[in-house]
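Beneath this line is the structure, given in structure tokens, with notes to follow.
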Amino acid sequence: MIIVLNNKCNLTKEEFLTYQQNLEKIEGSNQIILCPSNVFLGLFNSNRIDLGSQNVSKNEMGAYTGEVSAKQLKSLDVKYSLVGHSERRKYNGEKPSDIAKKIKKLLENNITPIYCVGETKEERESNTYKDTIITDIKESLIDLNEEDKNKVIIAYEPIWSIGTGLIPSNDEIEEVIFLIKEQLPNNKVLYGGSANNENIDVLKNIKCIDGFLLGGLSLSIENLNKFINKL
Ligand code: 13P
């Protein structure tokens with residue numbers, strides 16, 4: 001299983017260094033990908049864990065104040081990058097056309113994109129969530145050849161589930177995973193949204209899932225350990 005830790009905008013430098021030391025001690029065969037704040041990417045030091053970024057610029061290096069390019073990430077040994085997270089779409093206005101550019105930049109630099117997609121509560125309730133997800137996938141992965149397309153990891157993150165404690169039933173998650181796999185049969189698919197060390201007893205029975213994308217839980221090593229032990 002792949003476990004992606006999205007620390008979001010959390011931890012100070014001292015807290016990060018302690019966190020990283022404790023993370024290193026986590027045992028087991030699952031692949032762990034840590035996505036810290038950008039400011040800590042250069043402090044990362046691990047043999048056990050892979051490094052991921054939470055975002056990437058859609059542009060090349062150059063006059064883009066505040067941005068971090070895929071080439072710069074690569075120079076820090078970043079192997080994965082989240083792209084299209086709903087928080088970036090909401091607070092930074094990212095559109096599928098931006099996400100498509102970011103995915104291309106990552107692939108050009110041999111960084112694996114972890115592309116996030118999911119529906120709002122309204123889209124779920126009005127039964128339009130399947131259209132939302134399929135349209136977003138088509139627009140975000142547009143123009144990729146088959147080989148590149150297959151490299152993208154998909155993270156299904158229902159927006160209404162992120163940080164709310166609400167999670168879809170296993171049947172609901174499986175329905176979306178199968179929908180994604182119909183479009184992208186060779187891609188790995190993760191689930192993210194309020195997954196924790198208690199609901200993992202249920203979530204671990206989801207069929208055809210390749211791993212989890214964890215937000216809040218990623219910050220507690222103790223609970224993360226419990227989560228991984230139960231997987
Ligand atoms: P939570 O696990 O805190 O719900 O966050 C999920 C998420 O957004 C991971 O990217």
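We name chains A, B, ... following the order of the structure tokens; residues begin at 1 in each chain, and ligands are numbered from 1 as shown.
Neighbouring residues of ligand 1 at a cut-off of 7 Å, counting only C-alpha atoms and all ligand atoms, are Asn6, His85, Glu157, Ser161, Ile162, Gly163, Thr164, Gly165, Gly192, Gly193, Ser194, Ala195, Leu213, Leu214, Gly215, Gly216 and Leu217 of chain A.
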Give me a file of those residues, with all heavy atoms, as a compact mmCIF listing (two decimals), in the first residue's frame.
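That gives us out_30.txt:
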# COMPACT_ATOMS: atom_id res chain seq x y z
N ASN A 6 0.13 14.23 3.76
CA ASN A 6 0.04 15.64 3.37
C ASN A 6 0.00 16.49 4.64
O ASN A 6 -1.05 16.63 5.26
CB ASN A 6 -1.22 15.85 2.51
CG ASN A 6 -1.40 17.30 2.11
OD1 ASN A 6 -0.52 18.13 2.34
ND2 ASN A 6 -2.53 17.61 1.50
N HIS A 85 -4.98 19.58 -5.56
CA HIS A 85 -5.67 19.38 -4.29
C HIS A 85 -6.83 20.38 -4.18
O HIS A 85 -6.71 21.53 -4.62
CB HIS A 85 -4.69 19.57 -3.12
CG HIS A 85 -5.26 19.10 -1.82
ND1 HIS A 85 -6.19 19.82 -1.12
CD2 HIS A 85 -5.06 17.95 -1.13
CE1 HIS A 85 -6.53 19.15 -0.03
NE2 HIS A 85 -5.86 18.00 -0.01
N GLU A 157 -10.49 12.22 -3.50
CA GLU A 157 -10.73 12.94 -2.24
C GLU A 157 -12.05 13.69 -2.34
O GLU A 157 -12.09 14.82 -2.88
CB GLU A 157 -9.61 13.95 -1.98
CG GLU A 157 -8.28 13.34 -1.65
CD GLU A 157 -7.46 14.25 -0.72
OE1 GLU A 157 -7.26 15.43 -1.03
OE2 GLU A 157 -7.04 13.76 0.33
N SER A 161 -15.53 15.39 2.52
CA SER A 161 -14.97 14.47 3.49
C SER A 161 -13.66 14.97 4.09
O SER A 161 -13.21 14.48 5.13
CB SER A 161 -14.77 13.12 2.78
OG SER A 161 -14.05 12.26 3.57
N ILE A 162 -13.05 15.96 3.43
CA ILE A 162 -11.72 16.43 3.88
C ILE A 162 -11.84 17.22 5.17
O ILE A 162 -12.52 18.25 5.22
CB ILE A 162 -11.04 17.28 2.77
CG1 ILE A 162 -10.76 16.40 1.56
CG2 ILE A 162 -9.77 17.93 3.29
CD1 ILE A 162 -10.19 17.14 0.37
N GLY A 163 -11.23 16.69 6.21
CA GLY A 163 -11.17 17.38 7.50
C GLY A 163 -12.51 17.48 8.22
O GLY A 163 -12.65 18.25 9.17
N THR A 164 -13.50 16.74 7.79
CA THR A 164 -14.85 16.87 8.38
C THR A 164 -15.22 15.69 9.28
O THR A 164 -16.19 15.76 10.02
CB THR A 164 -15.92 16.93 7.27
OG1 THR A 164 -15.81 15.73 6.48
CG2 THR A 164 -15.74 18.14 6.38
N GLY A 165 -14.47 14.61 9.17
CA GLY A 165 -14.84 13.41 9.92
C GLY A 165 -15.91 12.58 9.20
O GLY A 165 -16.29 11.51 9.67
N GLY A 192 -8.56 9.58 -0.04
CA GLY A 192 -8.23 10.55 1.00
C GLY A 192 -9.46 11.29 1.47
O GLY A 192 -10.38 11.56 0.67
N GLY A 193 -9.49 11.62 2.76
CA GLY A 193 -10.64 12.34 3.34
C GLY A 193 -11.00 11.73 4.67
O GLY A 193 -11.64 10.66 4.69
N SER A 194 -10.54 12.36 5.77
CA SER A 194 -10.89 11.93 7.14
C SER A 194 -10.53 10.48 7.45
O SER A 194 -11.13 9.88 8.34
CB SER A 194 -12.38 12.18 7.43
OG SER A 194 -12.65 13.56 7.44
N ALA A 195 -9.58 9.91 6.73
CA ALA A 195 -9.15 8.54 7.08
C ALA A 195 -8.35 8.63 8.38
O ALA A 195 -7.53 9.52 8.55
CB ALA A 195 -8.29 7.97 5.95
N LEU A 213 -4.36 8.77 1.22
CA LEU A 213 -3.76 10.11 1.31
C LEU A 213 -4.28 10.73 2.61
O LEU A 213 -5.48 10.92 2.77
CB LEU A 213 -4.18 10.93 0.08
CG LEU A 213 -3.84 12.41 0.02
CD1 LEU A 213 -2.37 12.68 0.30
CD2 LEU A 213 -4.21 12.98 -1.34
N LEU A 214 -3.36 10.98 3.53
CA LEU A 214 -3.75 11.38 4.88
C LEU A 214 -3.38 12.83 5.15
O LEU A 214 -2.24 13.24 4.92
CB LEU A 214 -3.03 10.49 5.91
CG LEU A 214 -3.19 8.99 5.71
CD1 LEU A 214 -2.31 8.24 6.71
CD2 LEU A 214 -4.64 8.57 5.85
N GLY A 215 -4.33 13.60 5.68
CA GLY A 215 -4.06 14.98 6.06
C GLY A 215 -3.82 15.07 7.56
O GLY A 215 -2.71 14.89 8.04
N GLY A 216 -4.90 15.32 8.31
CA GLY A 216 -4.79 15.49 9.76
C GLY A 216 -4.03 14.36 10.44
O GLY A 216 -3.17 14.60 11.31
N LEU A 217 -4.31 13.15 10.04
CA LEU A 217 -3.66 11.99 10.71
C LEU A 217 -2.15 12.02 10.52
O LEU A 217 -1.40 11.51 11.37
CB LEU A 217 -4.23 10.68 10.16
CG LEU A 217 -3.77 9.44 10.92
CD1 LEU A 217 -4.51 9.31 12.25
CD2 LEU A 217 -3.94 8.17 10.10
Test item: residues at most 12 Å from region 227-229 of chain A, only C-alpha atoms, excluding those fewer than 3 positions along its chain, as a count of residues only: 32
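One distance worth recording is that between CA of Leu141 (chain A) and CA of Ile159 (chain A), which is 19.9 Å.
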What lies within 12 Å of Gln21 (chain A) using only C-alpha atoms, ignoring chain neighbours under 3 positions off, as a ChimeraX atom specification? /A:14-18,24-26,43-49,221
Give the alpha helix (DSSP H) residues of region 155-201 of chain A, as assigned by DSSP on the backbone, as a VMD selection string. chain A and resid 170 to 183 200 to 201
Resulting file, chosen residues, N, CA, C and O atoms, as a PDB file, in the first residue's frame:
ATOM      1  N   ASN A 170     -17.808   2.237   2.090  1.00  0.00           N
ATOM      2  CA  ASN A 170     -16.893   1.506   1.194  1.00  0.00           C
ATOM      3  C   ASN A 170     -17.509   1.320  -0.191  1.00  0.00           C
ATOM      4  O   ASN A 170     -16.819   1.411  -1.202  1.00  0.00           O
ATOM      5  N   ASP A 171     -18.810   1.078  -0.248  1.00  0.00           N
ATOM      6  CA  ASP A 171     -19.478   0.902  -1.549  1.00  0.00           C
ATOM      7  C   ASP A 171     -19.362   2.178  -2.386  1.00  0.00           C
ATOM      8  O   ASP A 171     -19.109   2.126  -3.592  1.00  0.00           O
ATOM      9  N   GLU A 172     -19.543   3.314  -1.723  1.00  0.00           N
ATOM     10  CA  GLU A 172     -19.458   4.597  -2.453  1.00  0.00           C
ATOM     11  C   GLU A 172     -18.035   4.848  -2.962  1.00  0.00           C
ATOM     12  O   GLU A 172     -17.833   5.319  -4.074  1.00  0.00           O
ATOM     13  N   ILE A 173     -17.056   4.519  -2.129  1.00  0.00           N
ATOM     14  CA  ILE A 173     -15.660   4.716  -2.556  1.00  0.00           C
ATOM     15  C   ILE A 173     -15.337   3.748  -3.699  1.00  0.00           C
ATOM     16  O   ILE A 173     -14.732   4.138  -4.703  1.00  0.00           O
ATOM     17  N   GLU A 174     -15.771   2.504  -3.535  1.00  0.00           N
ATOM     18  CA  GLU A 174     -15.493   1.515  -4.601  1.00  0.00           C
ATOM     19  C   GLU A 174     -16.123   1.932  -5.921  1.00  0.00           C
ATOM     20  O   GLU A 174     -15.541   1.769  -6.985  1.00  0.00           O
ATOM     21  N   GLU A 175     -17.323   2.477  -5.850  1.00  0.00           N
ATOM     22  CA  GLU A 175     -17.993   2.910  -7.085  1.00  0.00           C
ATOM     23  C   GLU A 175     -17.121   3.917  -7.839  1.00  0.00           C
ATOM     24  O   GLU A 175     -16.932   3.819  -9.057  1.00  0.00           O
ATOM     25  N   VAL A 176     -16.544   4.873  -7.084  1.00  0.00           N
ATOM     26  CA  VAL A 176     -15.714   5.901  -7.747  1.00  0.00           C
ATOM     27  C   VAL A 176     -14.382   5.293  -8.205  1.00  0.00           C
ATOM     28  O   VAL A 176     -13.892   5.615  -9.291  1.00  0.00           O
ATOM     29  N   ILE A 177     -13.811   4.411  -7.398  1.00  0.00           N
ATOM     30  CA  ILE A 177     -12.541   3.791  -7.827  1.00  0.00           C
ATOM     31  C   ILE A 177     -12.763   3.032  -9.144  1.00  0.00           C
ATOM     32  O   ILE A 177     -11.966   3.142 -10.076  1.00  0.00           O
ATOM     33  N   PHE A 178     -13.853   2.303  -9.229  1.00  0.00           N
ATOM     34  CA  PHE A 178     -14.119   1.553 -10.467  1.00  0.00           C
ATOM     35  C   PHE A 178     -14.366   2.504 -11.642  1.00  0.00           C
ATOM     36  O   PHE A 178     -13.938   2.251 -12.760  1.00  0.00           O
ATOM     37  N   LEU A 179     -15.043   3.603 -11.347  1.00  0.00           N
ATOM     38  CA  LEU A 179     -15.285   4.623 -12.379  1.00  0.00           C
ATOM     39  C   LEU A 179     -13.941   5.165 -12.896  1.00  0.00           C
ATOM     40  O   LEU A 179     -13.739   5.296 -14.110  1.00  0.00           O
ATOM     41  N   ILE A 180     -13.036   5.452 -11.977  1.00  0.00           N
ATOM     42  CA  ILE A 180     -11.713   5.968 -12.369  1.00  0.00           C
ATOM     43  C   ILE A 180     -10.960   4.894 -13.153  1.00  0.00           C
ATOM     44  O   ILE A 180     -10.340   5.156 -14.185  1.00  0.00           O
ATOM     45  N   LYS A 181     -11.056   3.657 -12.663  1.00  0.00           N
ATOM     46  CA  LYS A 181     -10.303   2.579 -13.322  1.00  0.00           C
ATOM     47  C   LYS A 181     -10.869   2.234 -14.706  1.00  0.00           C
ATOM     48  O   LYS A 181     -10.158   1.696 -15.545  1.00  0.00           O
ATOM     49  N   GLU A 182     -12.133   2.568 -14.915  1.00  0.00           N
ATOM     50  CA  GLU A 182     -12.694   2.400 -16.266  1.00  0.00           C
ATOM     51  C   GLU A 182     -11.990   3.330 -17.249  1.00  0.00           C
ATOM     52  O   GLU A 182     -11.737   2.994 -18.392  1.00  0.00           O
ATOM     53  N   GLN A 183     -11.710   4.551 -16.760  1.00  0.00           N
ATOM     54  CA  GLN A 183     -11.007   5.544 -17.592  1.00  0.00           C
ATOM     55  C   GLN A 183      -9.515   5.252 -17.654  1.00  0.00           C
ATOM     56  O   GLN A 183      -8.880   5.459 -18.679  1.00  0.00           O
ATOM     57  N   ILE A 200      -9.973   3.052   9.727  1.00  0.00           N
ATOM     58  CA  ILE A 200      -9.168   2.205   8.828  1.00  0.00           C
ATOM     59  C   ILE A 200      -9.606   0.735   8.919  1.00  0.00           C
ATOM     60  O   ILE A 200      -9.481  -0.019   7.949  1.00  0.00           O
ATOM     61  N   ASP A 201     -10.180   0.330  10.062  1.00  0.00           N
ATOM     62  CA  ASP A 201     -10.674  -1.053  10.192  1.00  0.00           C
ATOM     63  C   ASP A 201     -11.708  -1.349   9.099  1.00  0.00           C
ATOM     64  O   ASP A 201     -11.812  -2.466   8.608  1.00  0.00           O
TER      65      ASP A 201
END
Near-region 34-41 of chain A list (6 Å; only C-alpha atoms; drop same-chain fewer than 2 positions) as a PyMOL selection string: chain A and resi 5-7+9+43-44+51-54
Among the residues A:Val117, A:Leu73, A:Ala63, A:Val78, the one that comes closest to Leu190 (chain A) [using only C-alpha atoms]: A:Val117
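The space between CA of Asn127 (chain A) and CA of Ile103 (chain A) spans 28.3 Å.
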If you count only C-alpha atoms, which residues fall within 10 Å of Lys138 (chain A), apart from same-chain ones fewer than 3 positions away, as a ChimeraX atom specification? /A:96,100,133-135,141-143,183
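What separates CA of Glu147 (chain A) from CA of Glu87 (chain A) is a distance of 28.5 Å.
With only C-alpha atoms as the atoms that count, the minimum distance from Ser69 (chain A) to the choices A:Leu231, A:Leu106, A:Ile153, A:Ile99 is reached by A:Leu106.
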Residue with the minimum atom-to-atom distance to Asn22 (chain A), picked from A:Ser97, A:Thr65, A:Asn225, A:Ser140 with only C-alpha atoms counted, is A:Asn225
Residue list (strand (DSSP E), DSSP) for region 171-216 of chain A, as a PyMOL selection string: chain A and resi 189-192+211-214
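For the choices A:Gly42, A:Pro113, A:Gly93, A:Gly62, the atom-to-atom distance to Lys79 (chain A) is smallest for A:Pro113 when using only C-alpha atoms.
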With distances taken over only C-alpha atoms, which of A:Lys95, A:Lys151, A:Lys74, A:Lys102 is nearest to Asp136 (chain A)? A:Lys95
